[in-house]
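Reading through the C-alpha cells given below for one structure.
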Amino acid sequence: MTPGSRRLATLAYRRRVFPQPHFGHPRSHGTSLPVRLDRAVRPTNISPNRADSTSTFRCTHSQSVATDRRISGLLSKKPHPVEAAGDPPSDGEEPATEQPVPDRPATYREVFSVKEYRAVFAASALSWIGDYFAKVAIAVLIFQDTQKVSLSAAGFAISYLPWILGGPVLAALAERYSYRKVMITCDVLRMCLVATLAIPGVPLPVLLGLLLLASLLAPPAQSARSALIPLILKGDRYVVGISIQATVAQAAQVAGYAAGGAFSALVTPRAALLVDALTFGLSAVLIAVGVRSRPSAMKPEHRSHLLRETGEGFRVVFGDPVMRSIAFVVFAAVAVVIVPQGLAAAWANDLGGGAWRAGLLMASISLGYLIGTVVIGRMTPPRLRLRLIRPLAVITPTVLIVAVFQPPFPVVIAICAVAGFANSVIMPLNGLFVQVLPNAYRARAFGIMQGGMQTLFAVAVLTSGVIADRVSVPVVVGAWSAAGLLLTLLAISSWPSQRVIDDEIAKVKASNAEPEDDGAPEAAQGATNAHRQSTAARSGQSSDDSAPARL
C-alpha cells in the first residue's frame, strides 16, 4: 500500500470512530452541517485568503464521492489508484477526448445563418421568377406580333441554345474574374437587354437577337454562382443548400409561369419584361451588398486561349476517376427522366386525352423530385446519402420500364413520381462533385456539367419524339428507360470505392486550402498546378509546374 493510500485509510477509520464537524463555507457564518460517517474528507490546499484557512480539511460533494470510491477499493483490498487533484491520469486511464461530430445532415437554420448564402439565395430566386416571367412574355409577344407558332416556340427555346452551342466555353469566362463581379456584370447587362425588349415597335429579328445576347450571359452567371456557393457553404451545409435551391427553383418555375401568364394577360407582355428586368437589377444589388469580393480562381499570367482553358476543364472532369463516374451517372439519370416530361402531351393523349392529364404527368415527376430533395437532401445523414447513390440511380430507369406494359393513368402517375424521387440522387452527386473538385476549376466544371445536361435534354426529347411518331409513347418510354438502365449499370460498375473517394476528398482539401482574405489566390493556383500535373501524368504528357500532382 502506498503512503497516500495508507494515510487515506487511516483517515477513514478515524472518521468512523471520531466524527468531525464540517467546516462550512465562510459565508455560512460558522454553521456546521452533519457529515456522513461513511464518507471521508479529502485533504486540500487551503488558500490563506479564505476565512476558514485555519481548518485542515474541506469537503465538497464531488470530492467526497470520489473519496468514497477510493475507500471502497481499499476496504475491498482491490488496487485502486489514488491521485491528487490536478495530477495527470495514470497509465491505465485514457485522457478525455472530444466527442466526434455526429453524422447528421445540416439544418436549414445552419444554412441560412450564413449571410452570403442568404444574399445569393434571394438573388437566385428573383432571377428564376424573372426568367419564367420573360419566357412566357416573349412567347406571347412574338405570337401576338406574328401569329406564327413556330416563331413563338423559337423565342421560347432560344434561351437554351447558349448552353448547347457553347456553354462550357462561356462558363470558362467566369474563371478569369471574380465570381461576384461576373454575377453582377451579367445581371446588369441582362437588365439592360431585357428592358430594351420591352420597347414597343422593336423588329422581330432585333428582338430575337437581343434575347440571344441576354441568353449568352446565363452560362457565365450560373457557373459563377455554382462555383461561389461551395466557397460560402462548407461541408454538409452545401448539400442542404443546393437541395433548398432545387426546391425553390421548382416552385419558382410553377409560380413564374403562372404569374407571368396572368400578368401578361391582365397587363401586357412588355410590362412582364420590365418585371424581369427589375428582378435582374435587384439581383445585382443583393450580390453587391451581401457577397464579399474574392480573387479570381485564375491569375492573369496563367490565362491562355479560352478554348484551351475549356479543354483543361474537360480533362479535369473526365480525367479524374471520381468526377468521371459522377458525370456519367448524372448524364444517364437526366437523359432518362426528361423523356416522360417531353412526351407528356402525347402520352396523356394515349391515356384518354386532356391537358390536365399532361399537366399531372409533368407535375408528378417534379413533385417526386421535390419530396426527394427534402428526404435525401435534408433528412438523410451524409454517409447514408453516399451509400444511396447507386440504388437511387438504378431505381429511376427501372420503374419507368413498367411503361412498356401500358399501365393505366394512376399507375403512370405513381411510377413517374417514384422516378422523380429517385432522381434526387442529383443532390448527393452534386455534393460529392464539389468535394473532389479543385477551386481553380469550379466554374468550368459546373459549366461542362450543365452544358452536358442541357444537351442531353434536347437530344433525348428530340430523339424520343421522332421515334414516338412511329411507335406508341408508352413503348418508347419503356424502351428508352431500359436503354438508360444499361447505361446506368455501366456507369456505376466503375464507381470508385469509398476509400478512393475519401482519399480524393482529402487530397482536394489539402490542395484547395482557400485563403480567407482577398489576397492573391496562391492556394487556388496550387490546385491548378496540381491538376495540370495529374492530368498530364494520366495522358502521358510532361508538365513544367513544380507543384506535386493531386493524384
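Residue numbering restarts at 1 for every chain of the C-alpha cells, chains are lettered A, B, ... in their displayed order, and ligands are numbered from 1 as they appear.
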
Legend entry - Distance query Arg390 of chain A at most 10 Å, only C-alpha atoms, self and fewer than 5 positions along chain excluded, as a ChimeraX atom specification: /A:329,385,395,425,488-489,491-493,495

Inset, instruction - Taking the DSSP assignment computed from this structure's backbone, write out as number ranges by chain all residues of segment 94-329 of chain A that belong to helix (DSSP H, G or I). - result: A: 108-112, 115-146, 149-176, 179-197, 204-216, 218-232, 236-266, 269-290, 300-302, 306-319, 321-329

Legend entry - Nearby residues (only C-alpha atoms) at most 9 Å from Ser124 of chain A, same-chain spacing under 5 positions excluded, as an MDAnalysis selection string: chainID A and resid 119 129 225 245 249 283

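Across A:Arg294, A:Ile338, A:Thr455, A:Leu392, the tightest approach to Gly166 of chain A is made by A:Thr455 when counting only C-alpha atoms.
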
Legend entry - Interatomic distance (Å, one decimal) between atom CA of Ala358 of chain A and atom CA of Ala346 of chain A: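 Calculated distance between atom CA of Ala358 of chain A and atom CA of Ala346 of chain A is 8.0 Å.
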
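By only C-alpha atoms, and with residues fewer than 2 positions from Leu210 of chain A along its chain excluded, the set lying at most 12 Å from it is Ile138, Gly155, Ile158, Ser159, Leu189, Arg190, Met191, Cys192, Leu193, Val194, Ala195, Thr196, Leu197, Ala198, Ile199, Val202, Pro203, Leu204, Pro205, Val206, Leu207, Leu208, Leu212, Leu213, Ala214, Ser215, Leu216 and Leu217 of chain A.
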
Inset, instruction - Name all residues at most 9 Å from Arg292 of chain A (count only C-alpha atoms; drop same-chain ones fewer than 3 positions away) and give them as a list in words. - result: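 The residues satisfying every condition are Glu116, Arg180, Ile287, Ala288 and Val289 of chain A.
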
Would you put the residues from that selection into a file with N, CA and C atoms, as an mmCIF file, in the first residue's frame?
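Final file, again-v9.cif:
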data_model
loop_
_atom_site.group_PDB
_atom_site.id
_atom_site.type_symbol
_atom_site.label_atom_id
_atom_site.label_comp_id
_atom_site.auth_asym_id
_atom_site.auth_seq_id
_atom_site.Cartn_x
_atom_site.Cartn_y
_atom_site.Cartn_z
ATOM 1 N N GLU A 116 -23.861 35.464 -46.597
ATOM 2 C CA GLU A 116 -23.622 35.465 -48.045
ATOM 3 C C GLU A 116 -24.584 34.528 -48.762
ATOM 4 N N ARG A 180 -18.086 37.123 -57.940
ATOM 5 C CA ARG A 180 -19.015 38.201 -57.581
ATOM 6 C C ARG A 180 -19.126 39.205 -58.712
ATOM 7 N N ILE A 287 -26.288 40.862 -54.641
ATOM 8 C CA ILE A 287 -24.944 40.280 -54.716
ATOM 9 C C ILE A 287 -23.890 41.319 -54.336
ATOM 10 N N ALA A 288 -24.063 42.548 -54.800
ATOM 11 C CA ALA A 288 -23.080 43.589 -54.497
ATOM 12 C C ALA A 288 -23.029 43.899 -53.006
ATOM 13 N N VAL A 289 -24.178 43.861 -52.339
ATOM 14 C CA VAL A 289 -24.233 44.218 -50.925
ATOM 15 C C VAL A 289 -23.921 43.028 -50.031
#

Inset, instruction - Would you mind telling me which residue in A:Gly235, A:Gly478, A:Gly451, A:Pro407 lies nearest to Leu161 of chain A when using only C-alpha atoms? - result: A:Gly451

Inset, instruction - Can you work out the spacing between atom CA of Val317 of chain A and atom CA of Ile242 of chain A in Å, to one decimal? - result: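 The value is 20.2 Å.
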
Legend entry - For atom CA of Ala443 of chain A and atom CA of Ser511 of chain A, the interatomic separation in Å (one decimal): 17.0 Å

Which residues are close to Val412 of chain A, i.e. within 9 Å by only C-alpha atoms, leaving aside same-chain residues fewer than 6 positions away? Reply as a JSON list (two decimals) with N, CA and C atoms, in the first residue's frame.
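Everything below was put into result.json:
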[["chain", "number", "residue", "atom", "x", "y", "z"],
["A", 361, "LEU", "N", -48.95, 14.57, -65.40],
["A", 361, "LEU", "CA", -47.78, 13.76, -65.71],
["A", 361, "LEU", "C", -46.48, 14.53, -65.47],
["A", 400, "LEU", "N", -39.50, 3.20, -64.67],
["A", 400, "LEU", "CA", -40.11, 3.69, -65.91],
["A", 400, "LEU", "C", -40.20, 2.61, -66.98],
["A", 402, "VAL", "N", -41.70, -0.02, -66.60],
["A", 402, "VAL", "CA", -43.08, -0.51, -66.46],
["A", 402, "VAL", "C", -43.99, 0.11, -67.52],
["A", 403, "ALA", "N", -43.63, 1.29, -68.03],
["A", 403, "ALA", "CA", -44.48, 1.96, -69.02],
["A", 403, "ALA", "C", -44.67, 1.14, -70.28],
["A", 406, "GLN", "N", -47.96, -0.48, -70.82],
["A", 406, "GLN", "CA", -49.09, 0.43, -71.00],
["A", 406, "GLN", "C", -50.05, 0.38, -69.81]]

Inset, instruction - Name the closest residue to Arg383 of chain A among the candidates A:Leu432, A:Ala417, A:Leu173, A:Ile184; distances are taken between atoms, counting only C-alpha atoms. - result: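 Using only C-alpha atoms, the shortest distance to Arg383 of chain A belongs to A:Leu432.
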
Inset, instruction - Have a look at A:Asn349, A:Thr279, A:Ser424, A:Asn439 and name the one nearest to Gly256 of chain A; count only C-alpha atoms. - result: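 Of all the options, A:Thr279 lies closest to Gly256 of chain A.
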